[in-house]
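To start, the structure under review is shown below, and the notes come after it.
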Amino acid sequence: MLRFPALAFTTLLIAAPPLHAADDLTSFTLDNGLKVVVIEDHRAPVVVQMVWYRVGAADEPEGKSGIAHFLEHLMFKGTDEVGPGEFSAIVEAQGGSDNAFTSWDYTAYFQRVAADRLDLMMKLEADRMTDLQMAENEVLTERDVILEERNQRTDSNPGALLGEQMRAAQFLNHPYGLPIIGWRHEMEGLTKQDALDFYRLHYAPNNAILVVAGDVTPDQVRTLAEKYYGPIPAVPEIGPRNRVSEPPQLAERRIKLADPRVSEPYVSRSYIAPERDPGDQEKAAALAILAELLGGSGTTSVLARALQFDQQKAVYASAFYDGTSLDDTTFNLVVVPTPDTTLEEAEAAMDAAIADFIAKGPDPEAFARIKTQIRAADIYARDDSDSRARRYGEALATGLTIEDVQAWPDILDAVTPEDVVQAAKDVLDRRHAVTGYLLREEPAQ
């Protein structure tokens, strides 16, 4: 599954004392480098286990795009103890569910089961961390599966093709320009050895984070983690994730994609934007609120009011930003014009609305409403063990700390209207943007 959305030496723990903080959270690290996070929630006898590997599509060897996602599929093909396809069958037989997903910065595997089945889940997950088996015929069959997945999700979807081309244009040098699914011509050449090499280099306890959330105690999780993940040796070759950097973008890049399958043409734009950094999340917080103000609501946001209701030049307008990323990410806008509005007119209206917002600043009532919604969302998120586990796992896999996660709501709450306007001025610069037009290709006369 793609996300845009399977641990060392001794049982000694690192000497630092466990961290106890909000969310009834405890963390500790095994001597082999496995980071463990326990989030207690005793309201229901259910537990979620997630294993996050600090490796994704942006960490692939040159010419092997798609190998991270390919390996995610192969992780369900069995070990010496568990046959092909049996992993999910075992989880299902326990009344649970499981899945996995790959992004540019991480690959994650999870199970949700009754709390008394955690022992079995850890045994299964630790087994495939160190003992994955790949039969040649299984590898070739699964390669056909991911190629068909690309057919269905990307090649048959003009919008997905435009997004893929825009991302490749946005990141000229950085591997964020690679599609997670992979480029077809490179996917077709992926081999069993490619998958094994990637697995042996990256799937190790010192490159993983174990998050357990639900009806458990830290002592229970520690005992099981020591039992199952503790004996797995670290991979000493794993070091810092030193990626190539993106050169400064000096001029806007523009793309037009015409396809006869397009039913609703639209204009899309992405800007290079900073990510959330450890101890430095203020710019990202301002951008998150900026996205909500500009396009977070289909009825009350700046773009919706200006383009859909006031000018009636669009049937849909949105803005979105996710700063949970290891390196610089993107801030995105989309406008779907009305049938009698051209893409050029829609783009001009979008730019005019943004310029007006920067000149006038946020509406005080809208700003206050979004702050209230953020506080409410944080409270509601604490009622969901899955979302809490994902919040910490994703953050830790992209270089943030537990303290960063816990500070994030307060940092969002501290953002001022002036911060938001400054973020808009800094990021919404056409020289740092890629603008894409998705057009309906008319048949030749």
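Ordered as shown in the structure tokens, chains take letters A, B, and onward, while each chain numbers its residues from 1 and ligands are numbered from 1 in the order shown.
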Selection near range 288-302 of chain A, 9 Å with only C-alpha atoms, sequence-local residues under 5 positions removed, as a PyMOL selection string | chain A and resi 283+307-309+316-323+331-334+353-354+357+362-363+366-367+370-371+412+415+420-421+423-424
Closest atom pairs, residues of range 20-103 of chain A within 7 Å of range 209-213 of chain A, only C-alpha atoms, as CSV:
```
residue,atom,partner,partner_atom,distance
A:Leu34,CA,A:Ile209,CA,6.0
A:Lys35,CA,A:Ile209,CA,4.8
A:Val36,CA,A:Leu210,CA,4.7
A:Val37,CA,A:Val211,CA,4.7
A:Val38,CA,A:Val212,CA,5.0
A:Ile39,CA,A:Ala213,CA,4.5
A:Glu40,CA,A:Ala213,CA,5.9
A:Asp41,CA,A:Ala213,CA,6.8
A:Val47,CA,A:Ala213,CA,5.7
A:Val48,CA,A:Ala213,CA,5.2
A:Gln49,CA,A:Val212,CA,4.6
A:Met50,CA,A:Val211,CA,5.1
A:Val51,CA,A:Leu210,CA,4.7
A:Trp52,CA,A:Ile209,CA,5.1
A:Tyr53,CA,A:Ile209,CA,6.5
```
With C-alpha atoms retained, could you export that selection as a CSV table (one decimal), in the first residue's frame?
```
chain,number,residue,atom,x,y,z
A,34,LEU,CA,15.3,-0.6,18.6
A,35,LYS,CA,13.3,2.4,19.7
A,36,VAL,CA,10.1,1.4,21.6
A,37,VAL,CA,7.1,3.7,22.3
A,38,VAL,CA,4.3,2.5,24.5
A,39,ILE,CA,1.0,4.4,24.6
A,40,GLU,CA,-1.4,3.2,27.3
A,41,ASP,CA,-5.1,3.2,26.6
A,47,VAL,CA,-3.8,-3.2,21.0
A,48,VAL,CA,-2.1,-1.8,17.9
A,49,GLN,CA,1.5,-2.8,17.1
A,50,MET,CA,3.3,-0.8,14.5
A,51,VAL,CA,6.9,-1.3,13.2
A,52,TRP,CA,8.2,1.7,11.3
A,53,TYR,CA,11.4,1.4,9.3
```
Gly33 in chain A surroundings by only C-alpha atoms, 8 Å radius, close-in-sequence under 4 positions cut, as a list in words | Ala8, Thr29, Pro205, Asn206, Asn207 and Ala234 of chain A
Rows by chain and residue number, range 19-137 of chain A within 9 Å of range 236-258 of chain A, shortest pair, only C-alpha atoms, as a Markdown table:
```
| residue | atom | partner | partner_atom | distance |
| --- | --- | --- | --- | --- |
| A:Arg54 | CA | A:Arg241 | CA | 8.8 |
| A:Val55 | CA | A:Arg241 | CA | 8.8 |
| A:Ala58 | CA | A:Arg243 | CA | 8.2 |
| A:Asp59 | CA | A:Arg243 | CA | 7.8 |
```
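Straight-line separation from CA of Glu275 in chain A to CA of Thr330 in chain A: 8.5 Å.
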Contacts of Asp426 in chain A within 12 Å, only C-alpha atoms, excl. fewer than 6 positions in-chain, as a PyMOL selection string = chain A and resi 271-274+283-284+286-287+290+331+358+419-420+432
How would the residues just picked look written out with C-alpha atoms as an mmCIF file, in the first residue's frame?
```cif
data_model
loop_
_atom_site.group_PDB
_atom_site.id
_atom_site.type_symbol
_atom_site.label_atom_id
_atom_site.label_comp_id
_atom_site.auth_asym_id
_atom_site.auth_seq_id
_atom_site.Cartn_x
_atom_site.Cartn_y
_atom_site.Cartn_z
ATOM 1 C CA TYR A 271 5.636 25.213 -3.891
ATOM 2 C CA ILE A 272 8.787 24.042 -2.150
ATOM 3 C CA ALA A 273 8.125 24.413 1.582
ATOM 4 C CA PRO A 274 10.035 23.700 4.803
ATOM 5 C CA LYS A 283 7.355 27.730 10.292
ATOM 6 C CA ALA A 284 5.641 24.427 9.614
ATOM 7 C CA ALA A 286 2.251 28.609 10.347
ATOM 8 C CA LEU A 287 2.063 26.791 6.998
ATOM 9 C CA LEU A 290 -2.175 28.847 6.212
ATOM 10 C CA PHE A 331 2.615 23.335 -0.170
ATOM 11 C CA ILE A 358 -1.390 38.448 1.950
ATOM 12 C CA ASP A 419 3.189 34.432 11.331
ATOM 13 C CA VAL A 420 0.740 33.112 8.759
ATOM 14 C CA HIS A 432 9.686 28.261 -6.369
#
```
If you run DSSP on the backbone, which residues of range 22-164 of chain A are alpha helix (DSSP H), as a PyMOL selection string?
-> chain A and resi 67-74+86-93+118-130+136-150+158-164
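Our summary of the geometry notes that CA of Leu161 in chain A is positioned 14.6 Å from CA of Glu264 in chain A.
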Would you please give, as a ChimeraX atom specification, all residues of range 156-283 of chain A that DSSP assigns to strand (DSSP E) based on the backbone?
-> /A:208-214,253-259,266-273
Using only C-alpha atoms, determine which residues lie at most 9 Å from Gly182 in chain A, disregarding the query and same-chain residues fewer than 6 positions distant; provide the list as an NGL selection string.
-> :A and (57 or 64-67 or 69 or 150)
Take the residues from that selection and write them out as an mmCIF file, in the first residue's frame, keeping N, CA, C and O atoms.
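Contents of part07.cif, as written:
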```cif
data_model
loop_
_atom_site.group_PDB
_atom_site.id
_atom_site.type_symbol
_atom_site.label_atom_id
_atom_site.label_comp_id
_atom_site.auth_asym_id
_atom_site.auth_seq_id
_atom_site.Cartn_x
_atom_site.Cartn_y
_atom_site.Cartn_z
ATOM 1 N N ALA A 57 10.910 5.352 -0.277
ATOM 2 C CA ALA A 57 11.233 5.506 -1.690
ATOM 3 C C ALA A 57 12.384 6.473 -1.932
ATOM 4 O O ALA A 57 13.084 6.369 -2.942
ATOM 5 N N LYS A 64 16.657 1.814 -9.165
ATOM 6 C CA LYS A 64 15.824 0.775 -8.548
ATOM 7 C C LYS A 64 14.558 1.379 -7.946
ATOM 8 O O LYS A 64 14.082 0.928 -6.901
ATOM 9 N N SER A 65 13.980 2.373 -8.606
ATOM 10 C CA SER A 65 12.786 3.001 -8.045
ATOM 11 C C SER A 65 11.680 1.966 -7.887
ATOM 12 O O SER A 65 11.483 1.102 -8.737
ATOM 13 N N GLY A 66 10.964 2.069 -6.771
ATOM 14 C CA GLY A 66 9.897 1.135 -6.466
ATOM 15 C C GLY A 66 10.309 -0.021 -5.588
ATOM 16 O O GLY A 66 9.452 -0.793 -5.142
ATOM 17 N N ILE A 67 11.604 -0.153 -5.283
ATOM 18 C CA ILE A 67 12.059 -1.327 -4.532
ATOM 19 C C ILE A 67 11.550 -1.300 -3.092
ATOM 20 O O ILE A 67 11.258 -2.348 -2.510
ATOM 21 N N HIS A 69 8.630 -0.131 -1.979
ATOM 22 C CA HIS A 69 7.241 -0.590 -2.024
ATOM 23 C C HIS A 69 7.164 -2.061 -2.424
ATOM 24 O O HIS A 69 6.346 -2.829 -1.883
ATOM 25 N N ARG A 150 0.402 -0.143 -10.499
ATOM 26 C CA ARG A 150 0.742 1.108 -11.199
ATOM 27 C C ARG A 150 -0.244 1.368 -12.341
ATOM 28 O O ARG A 150 -0.660 2.507 -12.564
#
```
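Checking A:Arg382, A:Gln220, A:Asp259, A:Ser268 one by one against Asp155 in chain A, counting only C-alpha atoms, you find the shortest gap at A:Asp259.
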Residues near Ile181 in chain A, cut-off 12 Å, only C-alpha atoms, skip fewer than 3 positions along chain, as a short mmCIF file (atom, residue, chain, number, x, y, z; two decimals) with all heavy atoms, in the first residue's frame:
```cif
data_model
loop_
_atom_site.label_atom_id
_atom_site.label_comp_id
_atom_site.auth_asym_id
_atom_site.auth_seq_id
_atom_site.Cartn_x
_atom_site.Cartn_y
_atom_site.Cartn_z
N MET A 1 0.85 -1.19 0.00
CA MET A 1 0.00 0.00 0.00
C MET A 1 0.89 1.24 0.00
O MET A 1 1.90 1.29 0.69
CB MET A 1 -0.89 0.00 1.24
CG MET A 1 -1.92 1.11 1.27
SD MET A 1 -3.07 0.93 2.64
CE MET A 1 -2.18 1.79 3.93
N LEU A 2 0.53 2.23 -0.77
CA LEU A 2 1.30 3.46 -0.82
C LEU A 2 0.76 4.47 0.16
O LEU A 2 -0.42 4.50 0.46
CB LEU A 2 1.24 4.06 -2.24
CG LEU A 2 1.70 3.15 -3.37
CD1 LEU A 2 1.67 3.92 -4.67
CD2 LEU A 2 3.08 2.59 -3.11
N ARG A 3 1.62 5.32 0.61
CA ARG A 3 1.22 6.39 1.53
C ARG A 3 1.63 7.71 0.91
O ARG A 3 2.80 7.99 0.76
CB ARG A 3 1.91 6.18 2.87
CG ARG A 3 1.83 7.42 3.74
CD ARG A 3 0.82 7.30 4.79
NE ARG A 3 0.82 8.46 5.65
CZ ARG A 3 0.23 8.46 6.81
NH1 ARG A 3 -0.39 7.39 7.22
NH2 ARG A 3 0.23 9.53 7.56
N PHE A 4 0.72 8.73 0.51
CA PHE A 4 0.99 10.09 -0.04
C PHE A 4 0.52 11.24 0.82
O PHE A 4 -0.65 11.44 0.85
CB PHE A 4 0.28 10.36 -1.26
CG PHE A 4 0.58 9.48 -2.43
CD1 PHE A 4 -0.39 8.66 -2.86
CD2 PHE A 4 1.79 9.52 -3.03
CE1 PHE A 4 -0.17 7.87 -3.97
CE2 PHE A 4 2.01 8.73 -4.15
CZ PHE A 4 1.03 7.91 -4.61
N PRO A 5 -1.81 6.39 2.05
CA PRO A 5 -1.74 6.25 2.12
C PRO A 5 -2.31 5.90 1.32
O PRO A 5 -4.21 4.23 1.52
CB PRO A 5 -2.31 6.04 2.97
CG PRO A 5 -3.27 5.75 3.96
CD PRO A 5 -2.15 6.27 4.00
N GLY A 56 12.43 4.53 2.89
CA GLY A 56 11.31 4.63 1.98
C GLY A 56 11.80 4.86 0.57
O GLY A 56 12.97 4.60 0.24
N ALA A 57 10.91 5.35 -0.28
CA ALA A 57 11.23 5.51 -1.69
C ALA A 57 12.38 6.47 -1.93
O ALA A 57 13.08 6.37 -2.94
CB ALA A 57 9.99 5.97 -2.45
N ALA A 58 12.59 7.43 -1.02
CA ALA A 58 13.68 8.39 -1.20
C ALA A 58 15.03 7.83 -0.80
O ALA A 58 16.05 8.53 -0.90
CB ALA A 58 13.39 9.67 -0.41
N GLU A 60 16.10 4.74 -2.00
CA GLU A 60 16.35 3.62 -2.90
C GLU A 60 17.64 3.83 -3.70
O GLU A 60 18.01 4.96 -4.01
CB GLU A 60 15.18 3.46 -3.87
CG GLU A 60 13.89 3.08 -3.17
CD GLU A 60 12.66 3.19 -4.05
OE1 GLU A 60 12.69 3.98 -5.03
OE2 GLU A 60 11.67 2.50 -3.78
N LYS A 64 16.66 1.81 -9.16
CA LYS A 64 15.82 0.77 -8.55
C LYS A 64 14.56 1.38 -7.95
O LYS A 64 14.08 0.93 -6.90
CB LYS A 64 16.61 0.03 -7.46
CG LYS A 64 17.91 -0.61 -7.94
CD LYS A 64 17.67 -1.73 -8.94
CE LYS A 64 18.98 -2.37 -9.37
NZ LYS A 64 18.75 -3.44 -10.39
N SER A 65 13.98 2.37 -8.61
CA SER A 65 12.79 3.00 -8.04
C SER A 65 11.68 1.97 -7.89
O SER A 65 11.48 1.10 -8.74
CB SER A 65 12.32 4.16 -8.94
OG SER A 65 11.91 3.70 -10.20
N GLY A 66 10.96 2.07 -6.77
CA GLY A 66 9.90 1.13 -6.47
C GLY A 66 10.31 -0.02 -5.59
O GLY A 66 9.45 -0.79 -5.14
N ILE A 67 11.60 -0.15 -5.28
CA ILE A 67 12.06 -1.33 -4.53
C ILE A 67 11.55 -1.30 -3.09
O ILE A 67 11.26 -2.35 -2.51
CB ILE A 67 13.60 -1.46 -4.58
CG1 ILE A 67 14.05 -2.81 -4.01
CG2 ILE A 67 14.28 -0.32 -3.86
CD1 ILE A 67 13.58 -3.99 -4.80
N ALA A 68 11.40 -0.11 -2.49
CA ALA A 68 10.89 -0.04 -1.12
C ALA A 68 9.46 -0.56 -1.05
O ALA A 68 9.10 -1.35 -0.17
CB ALA A 68 10.97 1.39 -0.59
N HIS A 69 8.63 -0.13 -1.98
CA HIS A 69 7.24 -0.59 -2.02
C HIS A 69 7.16 -2.06 -2.42
O HIS A 69 6.35 -2.83 -1.88
CB HIS A 69 6.46 0.28 -3.00
CG HIS A 69 5.06 -0.18 -3.23
ND1 HIS A 69 4.61 -0.63 -4.44
CD2 HIS A 69 3.99 -0.25 -2.38
CE1 HIS A 69 3.33 -0.98 -4.34
NE2 HIS A 69 2.94 -0.75 -3.10
N PHE A 70 8.01 -2.49 -3.34
CA PHE A 70 8.06 -3.90 -3.75
C PHE A 70 8.39 -4.79 -2.55
O PHE A 70 7.74 -5.82 -2.31
CB PHE A 70 9.10 -4.05 -4.85
CG PHE A 70 9.15 -5.41 -5.50
CD1 PHE A 70 8.03 -6.23 -5.56
CD2 PHE A 70 10.33 -5.87 -6.07
CE1 PHE A 70 8.08 -7.48 -6.18
CE2 PHE A 70 10.40 -7.11 -6.69
CZ PHE A 70 9.28 -7.92 -6.74
N LEU A 71 9.39 -4.37 -1.76
CA LEU A 71 9.74 -5.16 -0.58
C LEU A 71 8.60 -5.20 0.42
O LEU A 71 8.37 -6.23 1.08
CB LEU A 71 11.01 -4.59 0.07
CG LEU A 71 11.47 -5.29 1.36
CD1 LEU A 71 11.73 -6.77 1.12
CD2 LEU A 71 12.72 -4.62 1.92
N GLU A 72 7.86 -4.10 0.55
CA GLU A 72 6.70 -4.12 1.45
C GLU A 72 5.76 -5.27 1.08
O GLU A 72 5.27 -6.00 1.94
CB GLU A 72 5.96 -2.78 1.37
CG GLU A 72 4.68 -2.72 2.19
CD GLU A 72 3.62 -1.86 1.56
OE1 GLU A 72 3.92 -0.70 1.21
OE2 GLU A 72 2.47 -2.35 1.42
N HIS A 73 5.51 -5.45 -0.22
CA HIS A 73 4.67 -6.57 -0.67
C HIS A 73 5.30 -7.92 -0.33
O HIS A 73 4.62 -8.84 0.14
CB HIS A 73 4.46 -6.47 -2.18
CG HIS A 73 3.40 -5.50 -2.59
ND1 HIS A 73 2.28 -5.87 -3.30
CD2 HIS A 73 3.26 -4.16 -2.38
CE1 HIS A 73 1.51 -4.81 -3.52
NE2 HIS A 73 2.11 -3.76 -2.97
N PHE A 101 2.26 0.14 4.65
CA PHE A 101 2.28 1.24 3.70
C PHE A 101 3.69 1.78 3.57
O PHE A 101 4.52 1.67 4.47
CB PHE A 101 1.31 2.36 4.10
CG PHE A 101 1.40 2.82 5.53
CD1 PHE A 101 2.30 3.78 5.93
CD2 PHE A 101 0.56 2.26 6.50
CE1 PHE A 101 2.38 4.21 7.25
CE2 PHE A 101 0.62 2.67 7.82
CZ PHE A 101 1.53 3.65 8.20
N THR A 102 3.94 2.36 2.40
CA THR A 102 5.26 2.90 2.06
C THR A 102 5.12 4.37 1.71
O THR A 102 4.19 4.76 1.00
CB THR A 102 5.87 2.15 0.87
OG1 THR A 102 5.93 0.76 1.16
CG2 THR A 102 7.28 2.66 0.56
N SER A 103 6.04 5.18 2.19
CA SER A 103 6.11 6.58 1.81
C SER A 103 7.54 6.87 1.34
O SER A 103 8.34 5.96 1.16
CB SER A 103 5.73 7.47 3.00
OG SER A 103 5.69 8.83 2.61
N TRP A 104 7.84 8.15 1.12
CA TRP A 104 9.21 8.48 0.72
C TRP A 104 10.19 8.31 1.87
O TRP A 104 11.36 8.01 1.64
CB TRP A 104 9.26 9.92 0.21
CG TRP A 104 8.69 10.06 -1.16
CD1 TRP A 104 9.32 9.81 -2.35
CD2 TRP A 104 7.37 10.49 -1.51
NE1 TRP A 104 8.47 10.04 -3.41
CE2 TRP A 104 7.27 10.46 -2.92
CE3 TRP A 104 6.26 10.88 -0.76
CZ2 TRP A 104 6.10 10.81 -3.59
CZ3 TRP A 104 5.10 11.24 -1.43
CH2 TRP A 104 5.02 11.20 -2.83
N ARG A 143 5.93 -9.00 -8.54
CA ARG A 143 6.34 -7.90 -9.41
C ARG A 143 5.22 -7.58 -10.41
O ARG A 143 4.96 -6.41 -10.70
CB ARG A 143 7.63 -8.24 -10.15
CG ARG A 143 8.22 -7.05 -10.91
CD ARG A 143 9.55 -7.41 -11.52
NE ARG A 143 9.43 -8.41 -12.57
CZ ARG A 143 10.46 -9.01 -13.17
NH1 ARG A 143 11.70 -8.69 -12.82
NH2 ARG A 143 10.26 -9.90 -14.12
N VAL A 145 2.14 -7.95 -9.72
CA VAL A 145 1.12 -7.31 -8.91
C VAL A 145 1.38 -5.80 -8.80
O VAL A 145 0.46 -4.98 -8.96
CB VAL A 145 1.04 -7.94 -7.50
CG1 VAL A 145 0.17 -7.10 -6.57
CG2 VAL A 145 0.51 -9.36 -7.59
N ILE A 146 2.62 -5.41 -8.52
CA ILE A 146 2.90 -3.98 -8.37
C ILE A 146 2.83 -3.26 -9.71
O ILE A 146 2.46 -2.08 -9.77
CB ILE A 146 4.25 -3.71 -7.66
CG1 ILE A 146 5.42 -4.25 -8.47
CG2 ILE A 146 4.24 -4.28 -6.25
CD1 ILE A 146 6.78 -3.79 -7.95
N LEU A 147 3.16 -3.95 -10.80
CA LEU A 147 3.02 -3.34 -12.11
C LEU A 147 1.54 -3.10 -12.42
O LEU A 147 1.17 -2.05 -12.98
CB LEU A 147 3.65 -4.23 -13.19
CG LEU A 147 5.18 -4.22 -13.23
CD1 LEU A 147 5.71 -5.36 -14.08
CD2 LEU A 147 5.70 -2.88 -13.76
N GLU A 148 0.69 -4.04 -12.04
CA GLU A 148 -0.74 -3.85 -12.24
C GLU A 148 -1.27 -2.75 -11.33
O GLU A 148 -2.17 -1.99 -11.71
CB GLU A 148 -1.49 -5.16 -11.99
CG GLU A 148 -3.00 -5.06 -12.18
CD GLU A 148 -3.40 -4.59 -13.58
OE1 GLU A 148 -2.62 -4.80 -14.54
OE2 GLU A 148 -4.49 -4.00 -13.70
N GLU A 149 -0.69 -2.65 -10.13
CA GLU A 149 -1.07 -1.57 -9.22
C GLU A 149 -0.75 -0.22 -9.85
O GLU A 149 -1.53 0.73 -9.76
CB GLU A 149 -0.35 -1.72 -7.88
CG GLU A 149 -0.77 -0.73 -6.83
CD GLU A 149 -0.10 -0.99 -5.48
OE1 GLU A 149 0.41 -2.11 -5.26
OE2 GLU A 149 -0.09 -0.05 -4.66
N ARG A 150 0.40 -0.14 -10.50
CA ARG A 150 0.74 1.11 -11.20
C ARG A 150 -0.24 1.37 -12.34
O ARG A 150 -0.66 2.51 -12.56
CB ARG A 150 2.17 1.06 -11.73
CG ARG A 150 2.51 2.36 -12.42
CD ARG A 150 3.89 2.50 -12.97
NE ARG A 150 3.88 3.71 -13.79
CZ ARG A 150 4.19 4.93 -13.36
NH1 ARG A 150 4.61 5.11 -12.13
NH2 ARG A 150 4.09 5.97 -14.16
N ASN A 151 -0.61 0.32 -13.06
CA ASN A 151 -1.59 0.47 -14.13
C ASN A 151 -2.88 1.10 -13.61
O ASN A 151 -3.41 2.05 -14.20
CB ASN A 151 -1.94 -0.90 -14.73
CG ASN A 151 -0.93 -1.36 -15.75
OD1 ASN A 151 -0.18 -0.57 -16.31
ND2 ASN A 151 -0.88 -2.67 -15.98
N GLN A 152 -3.38 0.58 -12.50
CA GLN A 152 -4.69 0.99 -12.00
C GLN A 152 -4.65 2.35 -11.31
O GLN A 152 -5.59 3.13 -11.45
CB GLN A 152 -5.22 -0.07 -11.03
CG GLN A 152 -5.51 -1.41 -11.69
CD GLN A 152 -6.06 -2.43 -10.72
OE1 GLN A 152 -6.29 -2.15 -9.56
NE2 GLN A 152 -6.29 -3.64 -11.21
N ARG A 153 -3.58 2.61 -10.54
CA ARG A 153 -3.56 3.82 -9.72
C ARG A 153 -2.91 5.02 -10.41
O ARG A 153 -3.21 6.16 -10.06
CB ARG A 153 -2.83 3.55 -8.41
CG ARG A 153 -3.54 2.54 -7.52
CD ARG A 153 -2.89 2.47 -6.17
NE ARG A 153 -3.58 1.55 -5.28
CZ ARG A 153 -3.26 1.36 -4.00
NH1 ARG A 153 -2.25 2.03 -3.47
NH2 ARG A 153 -3.94 0.51 -3.25
N THR A 154 -2.01 4.76 -11.34
CA THR A 154 -1.28 5.87 -11.95
C THR A 154 -1.52 5.96 -13.45
O THR A 154 -2.03 6.97 -13.95
CB THR A 154 0.23 5.74 -11.68
OG1 THR A 154 0.45 5.64 -10.27
CG2 THR A 154 0.98 6.94 -12.22
N ASP A 155 -1.18 4.91 -14.19
CA ASP A 155 -1.22 4.99 -15.65
C ASP A 155 -2.63 5.19 -16.18
O ASP A 155 -2.81 5.75 -17.26
CB ASP A 155 -0.60 3.74 -16.26
CG ASP A 155 0.89 3.61 -15.93
OD1 ASP A 155 1.51 4.65 -15.67
OD2 ASP A 155 1.41 2.48 -15.90
N ALA A 160 -3.27 11.44 -11.53
CA ALA A 160 -2.09 10.85 -10.90
C ALA A 160 -0.85 11.05 -11.78
O ALA A 160 0.25 11.30 -11.28
CB ALA A 160 -2.32 9.37 -10.64
N GLU A 164 2.52 13.04 -10.72
CA GLU A 164 3.82 12.40 -10.83
C GLU A 164 4.79 13.27 -11.62
O GLU A 164 5.95 13.45 -11.22
CB GLU A 164 3.65 11.04 -11.51
CG GLU A 164 4.89 10.19 -11.58
CD GLU A 164 4.60 8.83 -12.20
OE1 GLU A 164 4.50 8.75 -13.44
OE2 GLU A 164 4.47 7.85 -11.45
N GLY A 177 11.50 13.38 -5.90
CA GLY A 177 10.95 13.43 -7.24
C GLY A 177 10.60 12.07 -7.82
O GLY A 177 9.95 11.97 -8.86
N LEU A 178 11.01 11.00 -7.14
CA LEU A 178 10.69 9.65 -7.58
C LEU A 178 9.28 9.27 -7.14
O LEU A 178 8.87 9.57 -6.02
CB LEU A 178 11.68 8.64 -6.99
CG LEU A 178 13.15 8.77 -7.38
CD1 LEU A 178 14.00 7.85 -6.52
CD2 LEU A 178 13.33 8.46 -8.86
N ARG A 184 7.91 2.79 -14.29
CA ARG A 184 7.57 1.49 -14.85
C ARG A 184 8.79 0.75 -15.41
O ARG A 184 8.99 -0.43 -15.14
CB ARG A 184 6.50 1.63 -15.94
CG ARG A 184 6.25 0.35 -16.74
CD ARG A 184 5.09 0.48 -17.69
NE ARG A 184 3.84 0.49 -16.95
CZ ARG A 184 3.22 -0.61 -16.52
NH1 ARG A 184 3.76 -1.81 -16.75
NH2 ARG A 184 2.09 -0.53 -15.87
N HIS A 185 9.62 1.45 -16.18
CA HIS A 185 10.74 0.75 -16.83
C HIS A 185 11.74 0.22 -15.81
O HIS A 185 12.44 -0.76 -16.08
CB HIS A 185 11.42 1.68 -17.84
CG HIS A 185 12.14 2.83 -17.24
ND1 HIS A 185 11.49 3.92 -16.70
CD2 HIS A 185 13.48 3.08 -17.06
CE1 HIS A 185 12.37 4.79 -16.25
NE2 HIS A 185 13.59 4.30 -16.44
N GLU A 186 11.81 0.86 -14.63
CA GLU A 186 12.70 0.34 -13.59
C GLU A 186 12.02 -0.75 -12.77
O GLU A 186 12.66 -1.72 -12.35
CB GLU A 186 13.17 1.49 -12.69
CG GLU A 186 14.07 2.46 -13.42
CD GLU A 186 14.63 3.57 -12.54
OE1 GLU A 186 14.17 3.72 -11.39
OE2 GLU A 186 15.55 4.28 -13.02
N MET A 187 10.72 -0.62 -12.54
CA MET A 187 9.97 -1.67 -11.84
C MET A 187 10.08 -3.00 -12.58
O MET A 187 10.19 -4.05 -11.95
CB MET A 187 8.50 -1.27 -11.70
CG MET A 187 8.24 -0.05 -10.84
SD MET A 187 6.54 0.55 -11.03
CE MET A 187 5.62 -0.81 -10.31
N GLU A 188 10.01 -2.93 -13.89
CA GLU A 188 10.04 -4.16 -14.69
C GLU A 188 11.34 -4.94 -14.52
O GLU A 188 11.38 -6.15 -14.75
CB GLU A 188 9.83 -3.83 -16.17
CG GLU A 188 8.42 -3.34 -16.48
CD GLU A 188 8.29 -2.81 -17.90
OE1 GLU A 188 9.33 -2.48 -18.52
OE2 GLU A 188 7.14 -2.72 -18.38
#
```
Range 118-124 of chain A surroundings by only C-alpha atoms, 12 Å radius, close-in-sequence under 6 positions cut, as a PyMOL selection string | chain A and resi 6-7+45-51+75-76+78-83+86-94+96-98+109-112+130-132+210-217+220-232
